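Participant: Okay, handing you the structure first.
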Amino acid sequence: MIPKIDTGELEFMQPLHHASIRWAEHGYPSDLARWHHHDEVEIHLIRQGVGQMMVGNALLPFSPGQVSMIGRNVPHNWISDIDVDEYLGRRDVLCQFRGEQIESMASSFPELLSFGKLMSRSNRVIVLTGESRQRVASILESMGKHGDIDRFVDLMSILAAFAQAPEGEWAMVLDDNYVPNTKFDATGRINAAISYVNEHLAEAITVEDVAKVVVMHPNAFSRFFHATSGMRFSELVTRLRISKACRLLVSTGLNVAQIRKEVGYTNAANINRSFLKEIGMTPSQYRKQHRD
């Protein structure tokens with residue numbers, strides 16, 4: 001049976017009485033953890049787990065402590081590598097706000113000019129590291145305990161941390177020519193494809209199988225996936241397989257042959273080739289490096 005595609009992937013910010021800043025936290029899996037977009041700028045902290053951050057046309061690994069700023073209507077999702085029936089109760093904490101309100105403030109207060117520039121840079125997605133990351137993570141955590149006025153002060157401090165981050169402690173993820181694809185049918189189909197891959201990671205996964213799930217011709221799906229996400233479908237499958245294999249290599253006593261089967265590789269040569277391309281070492285070398 002072909003599953004119904006959920007096309008409601010535009011996330012609407014529920015109106016808040018006398019407030020313009022939303023703070024939230026959630027676990028994983030969650031209905032909130034999906035490929036989606038919204039009109040608000042988002043500051044996001046990963047508390048738990050490892051996996052792949054899928055944002056715009058980029059795919060990059062994440063781990064606990066990752067802090068990012070995602071601009072208006074840039075599609076995003078964090079795909080955690082977890083076992084069947086595993087649940088991460090406190091994976092995400094975030095705040096959302098209207099970028100145009102910050103830009104309006106910046107036009108009125110010369111001291112906030114850097115905030116206006118920051119809103120523009122957020123469309124390329126900003127990831128922090130170092131002390132800047134730690135500073136934002138700490139403020140974002142405490143924001144949940146604060147009232148409206150203190151949350152506003154927290155947001156100003158967070159934006160200041162992003163704007164003042166020194167070279168080497170921030171990076172933009174997306175190319176400057178990236179244009180979001182925010183069509184409802186696009187995000188719904190991307191989510192259906194991601195769900196299928198996660199559920200069948202140990203099996204052979206073909207474009208034909210996934211095309212049936214999203215009710216498209218295989219060639220059309222391949223073109224659509226590349227145009228929407230910026231990567232080939234096979235790249236997504238490989239990254240998710242490698243991500244799970246890395247976790248199993250470090251956290252379990254399974255041998256490499258057993259792990260290879262768990263993540264859908266039919267022979268040692270294939271998994272070695274993928275590891276060398278994506279990580280620069282073989283699975284055995286990766287295990288040794290991360291256990292010594």
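Residues in the structure tokens are numbered from 1 in each chain, the chains being A, B, ... in the order shown, and ligands are numbered from 1 in the order shown.
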Name the residues in contact with Arg273 in chain A at a cut-off of 12 Å, using only C-alpha atoms, excluding same-chain residues fewer than 6 positions from it; report them as a PyMOL selection string.
Facilitator: chain A and resi 238+242+265+267+279-283
Participant: Would you please extract all strand (DSSP E) residues from range 93-142 of chain A, as assigned by DSSP on the backbone, and give them as a CSV table (one decimal) with C-alpha atoms, in the first residue's frame?
Facilitator:
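The file below, states20.csv, is the result:
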chain,number,residue,atom,x,y,z
A,93,VAL,CA,15.9,23.5,22.2
A,94,LEU,CA,15.1,26.5,20.0
A,95,CYS,CA,13.8,30.0,19.8
A,96,GLN,CA,12.0,31.6,16.9
A,97,PHE,CA,11.4,35.3,16.1
A,126,ILE,CA,25.2,30.1,10.4
A,127,VAL,CA,26.8,27.5,12.6
A,128,LEU,CA,28.9,28.5,15.7
Participant: Taking only C-alpha atoms into account, which of A:Val179, A:Val256, A:Ala227, A:Leu236 comes nearest Val207 in chain A?
Facilitator: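 Ranked by minimum distance to Val207 in chain A, first place goes to A:Leu236.
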Participant: Please identify the alpha helix (DSSP H) residues within range 15-128 of chain A (assignment by DSSP from backbone atoms) and present them as a PyMOL selection string.
Facilitator: chain A and resi 99-108+113-122
Participant: Got a sec: who's within 8 Å of range 49-58 of chain A, counting only C-alpha atoms, leaving out chain neighbours fewer than 5 positions off, as a ChimeraX atom specification?
Facilitator: /A:35,63-64,74-82,88,91,173-174,178,180,228-231,239-240,243-244
Participant: Write the residues of the preceding selection, restricted to N, CA, C and O atoms, as a tab-separated table (two decimals), in the first residue's frame.
Facilitator:
chain	number	residue	atom	x	y	z
A	35	TRP	N	11.44	17.61	7.80
A	35	TRP	CA	11.89	18.59	6.80
A	35	TRP	C	10.78	19.64	6.67
A	35	TRP	O	9.68	19.35	6.22
A	63	SER	N	26.41	16.88	16.25
A	63	SER	CA	26.65	16.19	17.51
A	63	SER	C	26.17	17.10	18.63
A	63	SER	O	25.82	18.27	18.39
A	64	PRO	N	26.10	16.61	19.87
A	64	PRO	CA	25.61	17.43	20.97
A	64	PRO	C	26.36	18.75	21.10
A	64	PRO	O	27.59	18.79	20.99
A	74	VAL	N	14.06	28.76	5.07
A	74	VAL	CA	15.08	27.80	4.65
A	74	VAL	C	14.67	26.42	5.21
A	74	VAL	O	14.62	26.26	6.43
A	75	PRO	N	14.37	25.44	4.36
A	75	PRO	CA	13.97	24.13	4.87
A	75	PRO	C	15.09	23.48	5.67
A	75	PRO	O	16.27	23.60	5.33
A	76	HIS	N	14.71	22.77	6.74
A	76	HIS	CA	15.73	22.17	7.61
A	76	HIS	C	15.15	20.96	8.34
A	76	HIS	O	13.94	20.84	8.53
A	77	ASN	N	16.06	20.10	8.76
A	77	ASN	CA	15.69	18.91	9.53
A	77	ASN	C	16.96	18.31	10.11
A	77	ASN	O	18.03	18.38	9.49
A	78	TRP	N	16.86	17.75	11.32
A	78	TRP	CA	17.97	17.03	11.93
A	78	TRP	C	17.57	15.57	12.03
A	78	TRP	O	16.58	15.23	12.69
A	79	ILE	N	18.32	14.70	11.35
A	79	ILE	CA	18.00	13.27	11.31
A	79	ILE	C	18.94	12.56	12.27
A	79	ILE	O	20.13	12.37	11.98
A	80	SER	N	18.43	12.17	13.43
A	80	SER	CA	19.27	11.51	14.43
A	80	SER	C	19.45	10.04	14.10
A	80	SER	O	18.52	9.37	13.62
A	81	ASP	N	20.64	9.55	14.38
A	81	ASP	CA	20.92	8.13	14.22
A	81	ASP	C	20.57	7.44	15.53
A	81	ASP	O	21.28	7.58	16.52
A	82	ILE	N	19.45	6.74	15.56
A	82	ILE	CA	18.99	6.07	16.77
A	82	ILE	C	18.57	4.64	16.45
A	82	ILE	O	18.30	4.28	15.30
A	88	LEU	N	15.07	10.06	22.20
A	88	LEU	CA	15.90	11.10	22.82
A	88	LEU	C	14.96	12.14	23.41
A	88	LEU	O	14.34	12.93	22.67
A	91	ARG	N	16.28	16.28	22.93
A	91	ARG	CA	17.25	16.50	21.85
A	91	ARG	C	17.39	17.96	21.46
A	91	ARG	O	18.49	18.45	21.24
A	173	VAL	N	26.72	27.89	5.97
A	173	VAL	CA	26.58	26.54	5.41
A	173	VAL	C	26.23	26.57	3.93
A	173	VAL	O	26.75	25.77	3.15
A	174	LEU	N	25.36	27.48	3.52
A	174	LEU	CA	24.82	27.47	2.16
A	174	LEU	C	25.54	28.45	1.25
A	174	LEU	O	26.07	29.47	1.71
A	178	TYR	N	21.92	30.15	-3.15
A	178	TYR	CA	20.88	29.18	-2.80
A	178	TYR	C	19.51	29.86	-2.74
A	178	TYR	O	19.35	30.93	-2.15
A	180	PRO	N	15.56	28.79	-1.65
A	180	PRO	CA	14.77	27.71	-1.05
A	180	PRO	C	13.63	27.25	-1.96
A	180	PRO	O	13.01	28.04	-2.67
A	228	THR	N	15.60	19.87	-5.22
A	228	THR	CA	15.04	20.35	-3.95
A	228	THR	C	16.08	20.38	-2.84
A	228	THR	O	16.18	21.34	-2.08
A	229	SER	N	16.88	19.32	-2.74
A	229	SER	CA	17.81	19.18	-1.61
A	229	SER	C	19.25	19.54	-1.96
A	229	SER	O	20.09	19.70	-1.07
A	230	GLY	N	19.55	19.63	-3.26
A	230	GLY	CA	20.91	19.96	-3.67
A	230	GLY	C	21.86	18.78	-3.69
A	230	GLY	O	23.06	18.95	-3.92
A	231	MET	N	21.35	17.59	-3.44
A	231	MET	CA	22.20	16.39	-3.44
A	231	MET	C	21.49	15.27	-4.18
A	231	MET	O	20.27	15.29	-4.37
A	239	ARG	N	25.23	8.87	3.33
A	239	ARG	CA	25.54	9.63	4.54
A	239	ARG	C	24.84	9.03	5.76
A	239	ARG	O	25.42	8.95	6.84
A	240	LEU	N	23.58	8.64	5.60
A	240	LEU	CA	22.84	8.07	6.74
A	240	LEU	C	23.41	6.70	7.12
A	240	LEU	O	23.48	6.36	8.31
A	243	SER	N	26.74	7.39	8.91
A	243	SER	CA	26.48	7.95	10.23
A	243	SER	C	26.12	6.86	11.24
A	243	SER	O	26.64	6.82	12.35
A	244	LYS	N	25.25	5.95	10.84
A	244	LYS	CA	24.87	4.86	11.74
A	244	LYS	C	26.05	3.93	11.98
A	244	LYS	O	26.27	3.47	13.12
Participant: Under the rule of at most 7 Å, produce a per-residue listing of range 17-109 of chain A near range 116-125 of chain A: chain, number, name, the closest pair of atoms, and the distance in Å, as a Markdown table, using only C-alpha atoms.
Facilitator:
| residue | atom | partner | partner_atom | distance |
| --- | --- | --- | --- | --- |
| A:Ser68 | CA | A:Val125 | CA | 7.0 |
| A:Met69 | CA | A:Val125 | CA | 5.6 |
| A:Ile70 | CA | A:Val125 | CA | 4.8 |
| A:Gly71 | CA | A:Asn123 | CA | 4.2 |
| A:Arg72 | CA | A:Asn123 | CA | 6.5 |
| A:Val74 | CA | A:Asn123 | CA | 6.8 |
| A:Gly99 | CA | A:Met119 | CA | 6.2 |
| A:Ile102 | CA | A:Gly116 | CA | 6.6 |
| A:Glu103 | CA | A:Gly116 | CA | 4.8 |
| A:Ala106 | CA | A:Gly116 | CA | 5.6 |
Participant: Please produce a file of the residues just selected, as a CSV table (one decimal), in the first residue's frame, where the atoms kept are C-alpha atoms.
Facilitator:
chain,number,residue,atom,x,y,z
A,68,SER,CA,22.9,27.2,14.4
A,69,MET,CA,20.8,30.1,13.0
A,70,ILE,CA,18.4,29.2,10.2
A,71,GLY,CA,17.0,32.0,8.1
A,72,ARG,CA,13.4,32.6,7.0
A,74,VAL,CA,15.1,27.8,4.7
A,99,GLY,CA,13.6,38.6,11.3
A,102,ILE,CA,15.0,42.8,14.1
A,103,GLU,CA,15.7,44.5,10.8
A,106,ALA,CA,18.4,47.9,13.3
Participant: Could you work out how far CA of Leu45 in chain A lies from CA of Asn177 in chain A, giving the answer in Å with one decimal?
Facilitator: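 If I compute the distance from CA of Asn177 in chain A to CA of Leu45 in chain A, I get 25.9 Å.
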